[in-house]
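Participant: See input-v4.cif below, with mmCIF, C-alpha atoms, pLDDT in the B column; chains and numbers go by the auth columns.
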```cif
data_my_file
loop_
_atom_site.group_PDB
_atom_site.id
_atom_site.type_symbol
_atom_site.label_atom_id
_atom_site.label_comp_id
_atom_site.label_asym_id
_atom_site.label_seq_id
_atom_site.Cartn_x
_atom_site.Cartn_y
_atom_site.Cartn_z
_atom_site.B_iso_or_equiv
_atom_site.auth_seq_id
_atom_site.auth_asym_id
ATOM 1 C CA MET A 1 115.368 76.675 109.162 51.00 140 A
ATOM 2 C CA PRO A 2 118.008 78.946 107.540 58.00 141 A
ATOM 3 C CA GLY A 3 117.526 82.692 107.625 73.00 142 A
ATOM 4 C CA PHE A 4 114.830 84.696 105.914 80.00 143 A
ATOM 5 C CA PRO A 5 113.084 82.050 103.760 84.00 144 A
ATOM 6 C CA ASP A 6 110.966 83.770 101.149 83.00 145 A
ATOM 7 C CA ALA A 7 109.746 82.540 97.743 90.00 146 A
ATOM 8 C CA LEU A 8 108.883 78.852 97.495 92.00 147 A
ATOM 9 C CA THR A 9 107.352 76.354 95.092 95.00 148 A
ATOM 10 C CA LEU A 10 106.782 72.650 94.627 93.00 149 A
ATOM 11 C CA GLY A 11 109.865 71.313 92.876 91.00 150 A
ATOM 12 C CA PRO A 12 110.371 68.585 90.273 89.00 151 A
ATOM 13 C CA ASP A 13 111.276 66.035 92.971 86.00 152 A
ATOM 14 C CA ASP A 14 108.017 66.376 94.956 86.00 153 A
ATOM 15 C CA THR A 15 109.676 68.533 97.612 92.00 154 A
ATOM 16 C CA VAL A 16 109.196 72.192 98.472 94.00 155 A
ATOM 17 C CA TRP A 17 111.968 74.442 97.107 95.00 156 A
ATOM 18 C CA TYR A 18 112.666 77.808 98.709 94.00 157 A
ATOM 19 C CA GLU A 19 115.274 80.548 98.703 93.00 158 A
ATOM 20 C CA HIS A 20 116.839 82.203 101.729 91.00 159 A
ATOM 21 C CA SER A 21 119.928 84.111 102.902 87.00 160 A
ATOM 22 C CA ALA A 22 123.020 83.015 104.803 85.00 161 A
ATOM 23 C CA ALA A 23 125.985 85.247 105.674 81.00 162 A
ATOM 24 C CA GLY A 24 125.557 87.460 102.614 78.00 163 A
ATOM 25 C CA ASP A 25 124.981 84.590 100.177 87.00 164 A
ATOM 26 C CA LYS A 26 121.860 83.540 98.319 90.00 165 A
ATOM 27 C CA VAL A 27 120.918 79.942 99.147 93.00 166 A
ATOM 28 C CA PHE A 28 118.395 77.610 97.529 94.00 167 A
ATOM 29 C CA SER A 29 117.186 74.591 99.485 94.00 168 A
ATOM 30 C CA ARG A 30 114.439 71.983 99.438 93.00 169 A
ATOM 31 C CA VAL A 31 112.560 70.353 102.276 92.00 170 A
ATOM 32 C CA ASP A 32 110.405 67.280 102.819 88.00 171 A
ATOM 33 C CA LEU A 33 108.809 65.708 105.890 78.00 172 A
ATOM 34 C CA LYS A 34 111.281 62.808 106.104 81.00 173 A
ATOM 35 C CA GLN A 35 114.676 64.427 105.509 82.00 174 A
ATOM 36 C CA GLY A 36 114.012 68.041 106.499 85.00 175 A
ATOM 37 C CA PRO A 37 115.830 70.869 104.698 88.00 176 A
ATOM 38 C CA THR A 38 118.638 70.086 102.237 91.00 177 A
ATOM 39 C CA GLN A 39 120.755 72.721 100.517 92.00 178 A
ATOM 40 C CA ILE A 40 120.690 72.669 96.712 94.00 179 A
ATOM 41 C CA THR A 41 123.189 75.448 95.992 94.00 180 A
ATOM 42 C CA ARG A 42 124.790 78.489 97.602 92.00 181 A
ATOM 43 C CA LEU A 43 125.675 81.562 95.529 90.00 182 A
ATOM 44 C CA ASP A 44 128.194 84.144 96.738 86.00 183 A
ATOM 45 C CA THR A 45 125.889 87.055 95.986 83.00 184 A
ATOM 46 C CA GLN A 46 122.570 88.514 97.076 83.00 185 A
ATOM 47 C CA PHE A 47 119.367 89.312 95.226 86.00 186 A
ATOM 48 C CA SER A 48 115.634 89.160 95.856 88.00 187 A
ATOM 49 C CA VAL A 49 113.517 86.344 94.458 92.00 188 A
ATOM 50 C CA VAL A 50 109.987 87.551 93.815 91.00 189 A
ATOM 51 C CA ALA A 51 108.389 84.365 92.449 95.00 190 A
ATOM 52 C CA MET A 52 109.354 80.738 91.762 97.00 191 A
ATOM 53 C CA THR A 53 107.745 77.968 89.741 97.00 192 A
ATOM 54 C CA GLU A 54 108.623 74.603 88.260 96.00 193 A
ATOM 55 C CA GLY A 55 109.315 74.984 84.557 96.00 194 A
ATOM 56 C CA PRO A 56 108.407 72.705 81.651 95.00 195 A
ATOM 57 C CA ASP A 57 111.994 71.423 81.532 95.00 196 A
ATOM 58 C CA GLY A 58 111.988 69.996 85.068 95.00 197 A
ATOM 59 C CA ALA A 59 114.007 72.884 86.532 96.00 198 A
ATOM 60 C CA VAL A 60 112.820 75.614 88.891 97.00 199 A
ATOM 61 C CA TRP A 61 112.602 79.129 87.405 98.00 200 A
ATOM 62 C CA PHE A 62 112.380 82.416 89.291 97.00 201 A
ATOM 63 C CA THR A 63 112.344 86.194 88.909 96.00 202 A
ATOM 64 C CA GLN A 64 115.327 88.111 90.343 91.00 203 A
ATOM 65 C CA SER A 65 115.177 91.763 91.364 83.00 204 A
ATOM 66 C CA GLU A 66 116.758 94.238 93.813 67.00 205 A
ATOM 67 C CA GLU A 67 120.323 93.272 93.009 65.00 206 A
ATOM 68 C CA TYR A 68 122.791 94.071 95.783 63.00 207 A
ATOM 69 C CA ASP A 69 126.184 93.890 94.085 59.00 208 A
ATOM 70 C CA ALA A 70 127.902 94.419 90.747 53.00 209 A
ATOM 71 C CA LYS A 71 127.754 90.738 89.827 56.00 210 A
ATOM 72 C CA GLN A 72 123.995 90.826 89.507 59.00 211 A
ATOM 73 C CA ARG A 73 121.328 92.403 87.331 75.00 212 A
ATOM 74 C CA GLU A 74 117.602 91.897 87.295 89.00 213 A
ATOM 75 C CA GLY A 75 116.855 88.714 85.454 93.00 214 A
ATOM 76 C CA ILE A 76 115.229 85.323 85.176 96.00 215 A
ATOM 77 C CA GLY A 77 117.002 82.514 87.005 95.00 216 A
ATOM 78 C CA ARG A 78 116.964 78.750 86.474 97.00 217 A
ATOM 79 C CA LEU A 79 118.074 76.074 88.929 96.00 218 A
ATOM 80 C CA THR A 80 118.274 72.309 88.401 96.00 219 A
ATOM 81 C CA SER A 81 117.913 69.679 91.101 93.00 220 A
ATOM 82 C CA ASP A 82 121.683 69.063 90.996 93.00 221 A
ATOM 83 C CA GLY A 83 122.406 72.709 91.792 94.00 222 A
ATOM 84 C CA LYS A 84 123.250 74.145 88.376 96.00 223 A
ATOM 85 C CA TYR A 85 122.262 77.819 88.272 95.00 224 A
ATOM 86 C CA ARG A 86 121.885 80.065 85.243 95.00 225 A
ATOM 87 C CA LYS A 87 120.500 83.556 84.790 93.00 226 A
ATOM 88 C CA TRP A 88 119.280 85.529 81.807 94.00 227 A
ATOM 89 C CA PRO A 89 119.711 89.285 82.487 91.00 228 A
ATOM 90 C CA LEU A 90 116.806 91.580 81.649 91.00 229 A
ATOM 91 C CA PRO A 91 116.863 95.189 80.407 86.00 230 A
ATOM 92 C CA ALA A 92 117.524 97.799 83.089 81.00 231 A
ATOM 93 C CA ASN A 93 114.584 98.676 85.357 84.00 232 A
ATOM 94 C CA SER A 94 112.545 95.672 84.226 89.00 233 A
ATOM 95 C CA SER A 95 111.365 94.891 87.780 90.00 234 A
ATOM 96 C CA PRO A 96 110.295 91.286 87.110 94.00 235 A
ATOM 97 C CA GLY A 97 107.521 90.147 89.417 95.00 236 A
ATOM 98 C CA ALA A 98 104.968 87.342 89.261 96.00 237 A
ATOM 99 C CA LEU A 99 105.893 84.260 87.224 97.00 238 A
ATOM 100 C CA VAL A 100 103.978 81.284 85.837 98.00 239 A
ATOM 101 C CA ALA A 101 104.722 78.296 83.609 97.00 240 A
ATOM 102 C CA GLY A 102 102.618 78.706 80.475 97.00 241 A
ATOM 103 C CA PRO A 103 100.826 76.095 78.368 96.00 242 A
ATOM 104 C CA ASP A 104 103.411 76.562 75.580 96.00 243 A
ATOM 105 C CA ARG A 105 106.556 75.256 77.357 95.00 244 A
ATOM 106 C CA ALA A 106 107.642 78.802 78.233 98.00 245 A
ATOM 107 C CA LEU A 107 107.679 81.000 81.335 98.00 246 A
ATOM 108 C CA TRP A 108 105.537 84.147 81.493 98.00 247 A
ATOM 109 C CA PHE A 109 106.100 86.987 83.949 98.00 248 A
ATOM 110 C CA THR A 110 105.078 90.521 84.805 97.00 249 A
ATOM 111 C CA ASP A 111 107.526 93.409 84.567 94.00 250 A
ATOM 112 C CA SER A 112 107.501 97.188 84.603 90.00 251 A
ATOM 113 C CA ALA A 113 106.423 97.421 80.950 84.00 252 A
ATOM 114 C CA GLY A 114 103.887 94.617 80.734 95.00 253 A
ATOM 115 C CA ILE A 115 104.009 90.858 80.227 97.00 254 A
ATOM 116 C CA SER A 116 107.110 89.005 79.055 97.00 255 A
ATOM 117 C CA ARG A 117 107.691 85.485 77.777 97.00 256 A
ATOM 118 C CA ILE A 118 110.961 83.579 78.030 97.00 257 A
ATOM 119 C CA ASP A 119 111.428 80.119 76.568 97.00 258 A
ATOM 120 C CA THR A 120 113.755 77.469 77.956 96.00 259 A
ATOM 121 C CA ASP A 121 116.523 78.620 75.577 94.00 260 A
ATOM 122 C CA GLY A 122 116.343 82.151 76.991 94.00 261 A
ATOM 123 C CA ASP A 123 114.632 83.842 74.036 96.00 262 A
ATOM 124 C CA LEU A 124 112.632 86.816 75.347 96.00 263 A
ATOM 125 C CA THR A 125 109.464 88.411 73.946 96.00 264 A
ATOM 126 C CA ARG A 126 107.839 91.432 75.595 95.00 265 A
ATOM 127 C CA TYR A 127 104.169 92.468 75.348 97.00 266 A
ATOM 128 C CA PRO A 128 103.562 96.045 76.571 96.00 267 A
ATOM 129 C CA VAL A 129 100.376 96.771 78.515 96.00 268 A
ATOM 130 C CA ARG A 130 99.054 100.186 77.525 92.00 269 A
ATOM 131 C CA ASN A 131 98.486 102.823 80.203 92.00 270 A
ATOM 132 C CA ALA A 132 99.619 100.522 83.024 93.00 271 A
ATOM 133 C CA THR A 133 101.596 101.741 86.033 91.00 272 A
ATOM 134 C CA TYR A 134 101.724 98.463 87.963 90.00 273 A
ATOM 135 C CA LEU A 135 101.383 94.830 86.911 95.00 274 A
ATOM 136 C CA GLY A 136 100.201 92.513 89.695 94.00 275 A
ATOM 137 C CA ASP A 137 99.755 88.771 89.306 97.00 276 A
ATOM 138 C CA ILE A 138 99.751 86.417 86.305 98.00 277 A
ATOM 139 C CA VAL A 139 98.106 82.969 86.062 98.00 278 A
ATOM 140 C CA VAL A 140 97.037 80.436 83.451 97.00 279 A
ATOM 141 C CA GLY A 141 93.273 80.575 83.049 97.00 280 A
ATOM 142 C CA THR A 142 90.871 77.725 82.395 95.00 281 A
ATOM 143 C CA ASP A 143 91.038 78.667 78.697 95.00 282 A
ATOM 144 C CA THR A 144 94.864 78.150 78.749 95.00 283 A
ATOM 145 C CA SER A 145 95.471 81.856 78.106 97.00 284 A
ATOM 146 C CA LEU A 146 97.535 84.059 80.411 98.00 285 A
ATOM 147 C CA TRP A 147 95.474 86.301 82.712 98.00 286 A
ATOM 148 C CA PHE A 148 96.922 89.186 84.699 98.00 287 A
ATOM 149 C CA THR A 149 96.049 92.249 86.757 98.00 288 A
ATOM 150 C CA ALA A 150 97.117 95.774 85.821 96.00 289 A
ATOM 151 C CA ASP A 151 96.080 98.589 88.179 95.00 290 A
ATOM 152 C CA HIS A 152 92.225 98.522 88.095 96.00 291 A
ATOM 153 C CA ARG A 153 92.018 96.147 85.117 97.00 292 A
ATOM 154 C CA ILE A 154 92.184 92.447 84.345 98.00 293 A
ATOM 155 C CA GLY A 155 93.886 91.322 81.155 97.00 294 A
ATOM 156 C CA ARG A 156 93.991 88.274 78.921 98.00 295 A
ATOM 157 C CA LEU A 157 96.965 87.409 76.701 98.00 296 A
ATOM 158 C CA THR A 158 96.972 84.441 74.347 97.00 297 A
ATOM 159 C CA THR A 159 100.165 82.546 73.613 97.00 298 A
ATOM 160 C CA GLU A 160 99.983 84.053 70.113 96.00 299 A
ATOM 161 C CA GLY A 161 100.246 87.541 71.613 95.00 300 A
ATOM 162 C CA ARG A 162 96.637 88.803 71.402 97.00 301 A
ATOM 163 C CA MET A 163 95.845 90.984 74.413 97.00 302 A
ATOM 164 C CA THR A 164 92.491 92.174 75.793 97.00 303 A
ATOM 165 C CA LEU A 165 91.899 94.338 78.878 97.00 304 A
ATOM 166 C CA TRP A 166 88.741 94.939 80.924 97.00 305 A
ATOM 167 C CA PRO A 167 88.248 97.536 83.676 97.00 306 A
ATOM 168 C CA VAL A 168 86.878 96.014 86.888 97.00 307 A
ATOM 169 C CA PRO A 169 84.081 98.192 88.332 96.00 308 A
ATOM 170 C CA ASP A 170 85.162 100.125 91.451 96.00 309 A
ATOM 171 C CA ALA A 171 88.594 98.435 91.509 96.00 310 A
ATOM 172 C CA GLU A 172 91.540 100.527 92.701 95.00 311 A
ATOM 173 C CA ASP A 173 94.720 98.421 92.858 96.00 312 A
ATOM 174 C CA LEU A 174 94.399 94.771 91.849 97.00 313 A
ATOM 175 C CA GLY A 175 96.997 92.188 92.830 96.00 314 A
ATOM 176 C CA ALA A 176 96.495 88.427 93.073 97.00 315 A
ATOM 177 C CA LEU A 177 93.866 86.655 90.996 97.00 316 A
ATOM 178 C CA VAL A 178 92.423 83.132 91.008 98.00 317 A
ATOM 179 C CA PRO A 179 90.612 81.673 87.966 97.00 318 A
ATOM 180 C CA LEU A 180 87.383 79.706 88.451 97.00 319 A
ATOM 181 C CA GLU A 181 85.937 76.976 86.249 95.00 320 A
ATOM 182 C CA ASP A 182 83.015 79.149 85.154 95.00 321 A
ATOM 183 C CA GLY A 183 85.371 81.713 83.587 94.00 322 A
ATOM 184 C CA SER A 184 85.174 84.247 86.429 96.00 323 A
ATOM 185 C CA PHE A 185 87.978 85.371 88.757 98.00 324 A
ATOM 186 C CA TRP A 186 88.530 86.204 92.375 98.00 325 A
ATOM 187 C CA LEU A 187 90.647 89.356 92.632 98.00 326 A
ATOM 188 C CA ALA A 188 92.495 90.931 95.554 98.00 327 A
ATOM 189 C CA ASP A 189 92.100 94.710 95.632 97.00 328 A
ATOM 190 C CA ARG A 190 94.846 95.925 97.946 93.00 329 A
ATOM 191 C CA LYS A 191 94.027 99.611 98.055 94.00 330 A
ATOM 192 C CA ALA A 192 90.289 99.126 98.582 95.00 331 A
ATOM 193 C CA ASP A 193 90.996 96.318 101.092 96.00 332 A
ATOM 194 C CA VAL A 194 88.424 93.956 99.544 97.00 333 A
ATOM 195 C CA LEU A 195 88.130 90.785 97.474 97.00 334 A
ATOM 196 C CA ARG A 196 86.229 91.073 94.217 97.00 335 A
ATOM 197 C CA ARG A 197 84.651 88.552 91.866 97.00 336 A
ATOM 198 C CA PHE A 198 84.604 89.499 88.200 97.00 337 A
ATOM 199 C CA THR A 199 83.471 87.754 85.026 97.00 338 A
ATOM 200 C CA PRO A 200 85.016 89.185 81.840 94.00 339 A
ATOM 201 C CA PRO A 201 82.527 89.837 79.026 89.00 340 A
ATOM 202 C CA GLN A 202 82.307 87.133 76.422 77.00 341 A
#
```
Can the structure from this file be put into structure tokens for me?
Facilitator:
Amino acid sequence: MPGFPDALTLGPDDTVWYEHSAAGDKVFSRVDLKQGPTQITRLDTQFSVVAMTEGPDGAVWFTQSEEYDAKQREGIGRLTSDGKYRKWPLPANSSPGALVAGPDRALWFTDSAGISRIDTDGDLTRYPVRNATYLGDIVVGTDTSLWFTADHRIGRLTTEGRMTLWPVPDAEDLGALVPLEDGSFWLADRKADVLRRFTPPQ
């Protein structure tokens, strides 16, 4: 296995895609049980990939942060199965994090200001989250809205841009969340070192 594999996702070809480093380059590969790892592309630069997901266009999309040279800026990257890479730069200090394919043929991700949406043409829309210092995870809920964690709160954002936030009792620093069929969520509270279950008010 090449060095320092990190973010990974199921790709459009039923293999696992992952990113890793090799001699100062950023490498994207895929692996299956029959053929083992196969390199997709190698870029002569370095950056950190925080999250990856298959997009609605059959490509793999990912958030890029912690750029290490002048060629790079924080951004959203796209990679096809034949190795074609493209990036859309983001405003300075965006700090893109968690990423999910939405129900509207767009990608939704957390950043330093809130929740952002980018469509497959690269058009970007940003939705600020008031009074938030840290955005954690983002997922598609059972109601097909976007759900996310922000400090001690859980939020819901519709694809039309309507946002609602609820404080989670006793929560300190929420990260990952998992939606359940009954409309509740499992939440990881990193600072309190506990898992919480929360049902937003109807």
Participant: Rounded to one decimal, what separation in Å do you get between atom CA of A:Thr148 and atom CA of A:Glu193?
Facilitator: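 Between atom CA of A:Thr148 and atom CA of A:Glu193 the gap is 7.2 Å.
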Participant: Using all atoms listed in the file, determine which residues lie at most 12 Å from A:Ser284, disregarding the query and same-chain residues fewer than 6 positions distant; provide the list as an MDAnalysis selection string.
Facilitator: chainID A and resid 239:243 247 277:278 294:303 318 322
Participant: Enclose all atoms of stretch 296-314 of chain A listed in the file in an axis-aligned box, grow every side by 5 Å, and hand back centre and edge lengths in Å to one decimal, as lines of an AutoDock Vina configuration file.
Facilitator:
```
center_x = 92.2
center_y = 91.5
center_z = 81.5
size_x = 26.2
size_y = 28.0
size_z = 32.7
```
Participant: Name the residues that the PyMOL selection byres ((chain A and resi 288) around 7) pulls out of this structure, and write them as a ChimeraX atom specification.
Facilitator: /A:274-277,287,289-290,292-294,313-314
Participant: Interatomic distance between atom CA of A:Pro176 and atom CA of A:His159?
Facilitator: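 Between these atoms lies a distance of 11.8 Å.
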Participant: Counting all atoms listed in the file, which residue out of A:Thr177, A:Thr283, A:Ser160, A:Thr338 sits closest to A:Asp221?
Facilitator: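 Residue with the minimum atom-to-atom distance to A:Asp221: A:Thr177.
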Participant: To test your reading of the syntax: which residues would the PyMOL selection byres ((chain A and resi 219) around 10) return for the file shown? Reply as a VMD selection string.
Facilitator: chain A and resid 150 to 151 179 to 180 193 196 to 200 217 to 218 220 to 225
Participant: My list of candidates is A:Asp282, A:Asp328, A:Asp262, A:Glu158. Which is closest to A:Gly142 when distances are computed with only C-alpha atoms?
Facilitator: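 Looking only at the distances to A:Gly142, the closest residue turns out to be A:Glu158.
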Participant: Nearest to A:Gln203: which of A:Pro308, A:Gly175, A:Gly261, A:Gly216 is it, counting all atoms listed in the file?
Facilitator: A:Gly216
Participant: Reconstruct all heavy atoms of stretch 238-249 of chain A from the incomplete input and present them as an mmCIF file, in the coordinates of the input.
Facilitator:
```cif
data_model
loop_
_atom_site.group_PDB
_atom_site.id
_atom_site.type_symbol
_atom_site.label_atom_id
_atom_site.label_comp_id
_atom_site.auth_asym_id
_atom_site.auth_seq_id
_atom_site.Cartn_x
_atom_site.Cartn_y
_atom_site.Cartn_z
ATOM 1 N N LEU A 238 105.371 85.195 88.227
ATOM 2 C CA LEU A 238 105.893 84.260 87.224
ATOM 3 C C LEU A 238 105.011 83.022 87.180
ATOM 4 O O LEU A 238 104.560 82.541 88.221
ATOM 5 C CB LEU A 238 107.327 83.876 87.592
ATOM 6 C CG LEU A 238 108.032 82.782 86.799
ATOM 7 C CD1 LEU A 238 108.509 83.340 85.460
ATOM 8 C CD2 LEU A 238 109.232 82.261 87.596
ATOM 9 N N VAL A 239 104.774 82.499 85.973
ATOM 10 C CA VAL A 239 103.978 81.284 85.837
ATOM 11 C C VAL A 239 104.489 80.484 84.638
ATOM 12 O O VAL A 239 104.984 81.056 83.657
ATOM 13 C CB VAL A 239 102.479 81.625 85.661
ATOM 14 C CG1 VAL A 239 102.203 82.291 84.319
ATOM 15 C CG2 VAL A 239 101.602 80.385 85.833
ATOM 16 N N ALA A 240 104.421 79.159 84.745
ATOM 17 C CA ALA A 240 104.722 78.296 83.609
ATOM 18 C C ALA A 240 103.512 78.272 82.683
ATOM 19 O O ALA A 240 102.400 77.976 83.115
ATOM 20 C CB ALA A 240 105.063 76.887 84.088
ATOM 21 N N GLY A 241 103.720 78.626 81.419
ATOM 22 C CA GLY A 241 102.618 78.706 80.475
ATOM 23 C C GLY A 241 102.282 77.372 79.844
ATOM 24 O O GLY A 241 102.974 76.365 80.057
ATOM 25 N N PRO A 242 101.232 77.331 79.036
ATOM 26 C CA PRO A 242 100.826 76.095 78.368
ATOM 27 C C PRO A 242 101.652 75.785 77.121
ATOM 28 O O PRO A 242 101.407 74.790 76.452
ATOM 29 C CB PRO A 242 99.368 76.384 77.988
ATOM 30 C CG PRO A 242 99.351 77.859 77.761
ATOM 31 C CD PRO A 242 100.311 78.447 78.760
ATOM 32 N N ASP A 243 102.633 76.655 76.813
ATOM 33 C CA ASP A 243 103.411 76.562 75.580
ATOM 34 C C ASP A 243 104.875 76.240 75.843
ATOM 35 O O ASP A 243 105.743 76.576 75.038
ATOM 36 C CB ASP A 243 103.311 77.879 74.805
ATOM 37 C CG ASP A 243 103.754 79.073 75.658
ATOM 38 O OD1 ASP A 243 103.897 78.913 76.885
ATOM 39 O OD2 ASP A 243 103.964 80.151 75.085
ATOM 40 N N ARG A 244 105.191 75.610 76.972
ATOM 41 C CA ARG A 244 106.556 75.256 77.357
ATOM 42 C C ARG A 244 107.446 76.499 77.463
ATOM 43 O O ARG A 244 108.618 76.489 77.081
ATOM 44 C CB ARG A 244 107.175 74.235 76.397
ATOM 45 C CG ARG A 244 106.511 72.871 76.454
ATOM 46 C CD ARG A 244 107.304 71.831 75.685
ATOM 47 N NE ARG A 244 108.676 71.711 76.175
ATOM 48 C CZ ARG A 244 109.035 71.030 77.262
ATOM 49 N NH1 ARG A 244 108.108 70.405 77.996
ATOM 50 N NH2 ARG A 244 110.311 70.964 77.633
ATOM 51 N N ALA A 245 106.887 77.581 77.967
ATOM 52 C CA ALA A 245 107.642 78.802 78.233
ATOM 53 C C ALA A 245 107.229 79.344 79.587
ATOM 54 O O ALA A 245 106.237 78.901 80.179
ATOM 55 C CB ALA A 245 107.402 79.832 77.139
ATOM 56 N N LEU A 246 107.988 80.317 80.082
ATOM 57 C CA LEU A 246 107.679 81.000 81.335
ATOM 58 C C LEU A 246 107.182 82.395 81.001
ATOM 59 O O LEU A 246 107.739 83.078 80.135
ATOM 60 C CB LEU A 246 108.923 81.095 82.222
ATOM 61 C CG LEU A 246 109.458 79.814 82.887
ATOM 62 C CD1 LEU A 246 108.369 79.156 83.729
ATOM 63 C CD2 LEU A 246 110.052 78.842 81.900
ATOM 64 N N TRP A 247 106.130 82.830 81.698
ATOM 65 C CA TRP A 247 105.537 84.147 81.493
ATOM 66 C C TRP A 247 105.613 84.912 82.799
ATOM 67 O O TRP A 247 105.377 84.360 83.873
ATOM 68 C CB TRP A 247 104.076 84.002 81.059
ATOM 69 C CG TRP A 247 103.905 83.343 79.723
ATOM 70 C CD1 TRP A 247 104.040 82.014 79.449
ATOM 71 C CD2 TRP A 247 103.584 83.976 78.486
ATOM 72 N NE1 TRP A 247 103.813 81.771 78.115
ATOM 73 C CE2 TRP A 247 103.529 82.957 77.491
ATOM 74 C CE3 TRP A 247 103.320 85.297 78.117
ATOM 75 C CZ2 TRP A 247 103.225 83.228 76.175
ATOM 76 C CZ3 TRP A 247 103.016 85.576 76.794
ATOM 77 C CH2 TRP A 247 102.972 84.557 75.838
ATOM 78 N N PHE A 248 105.947 86.217 82.722
ATOM 79 C CA PHE A 248 106.100 86.987 83.949
ATOM 80 C C PHE A 248 105.707 88.443 83.730
ATOM 81 O O PHE A 248 105.701 88.952 82.602
ATOM 82 C CB PHE A 248 107.536 86.887 84.484
ATOM 83 C CG PHE A 248 108.607 87.393 83.561
ATOM 84 C CD1 PHE A 248 109.099 88.694 83.686
ATOM 85 C CD2 PHE A 248 109.144 86.579 82.570
ATOM 86 C CE1 PHE A 248 110.096 89.169 82.853
ATOM 87 C CE2 PHE A 248 110.150 87.042 81.729
ATOM 88 C CZ PHE A 248 110.616 88.341 81.868
ATOM 89 N N THR A 249 105.375 89.093 84.839
ATOM 90 C CA THR A 249 105.078 90.521 84.805
ATOM 91 C C THR A 249 106.369 91.311 84.961
ATOM 92 O O THR A 249 107.320 90.864 85.604
ATOM 93 C CB THR A 249 104.107 90.922 85.922
ATOM 94 O OG1 THR A 249 104.729 90.690 87.193
ATOM 95 C CG2 THR A 249 102.809 90.128 85.838
#
```
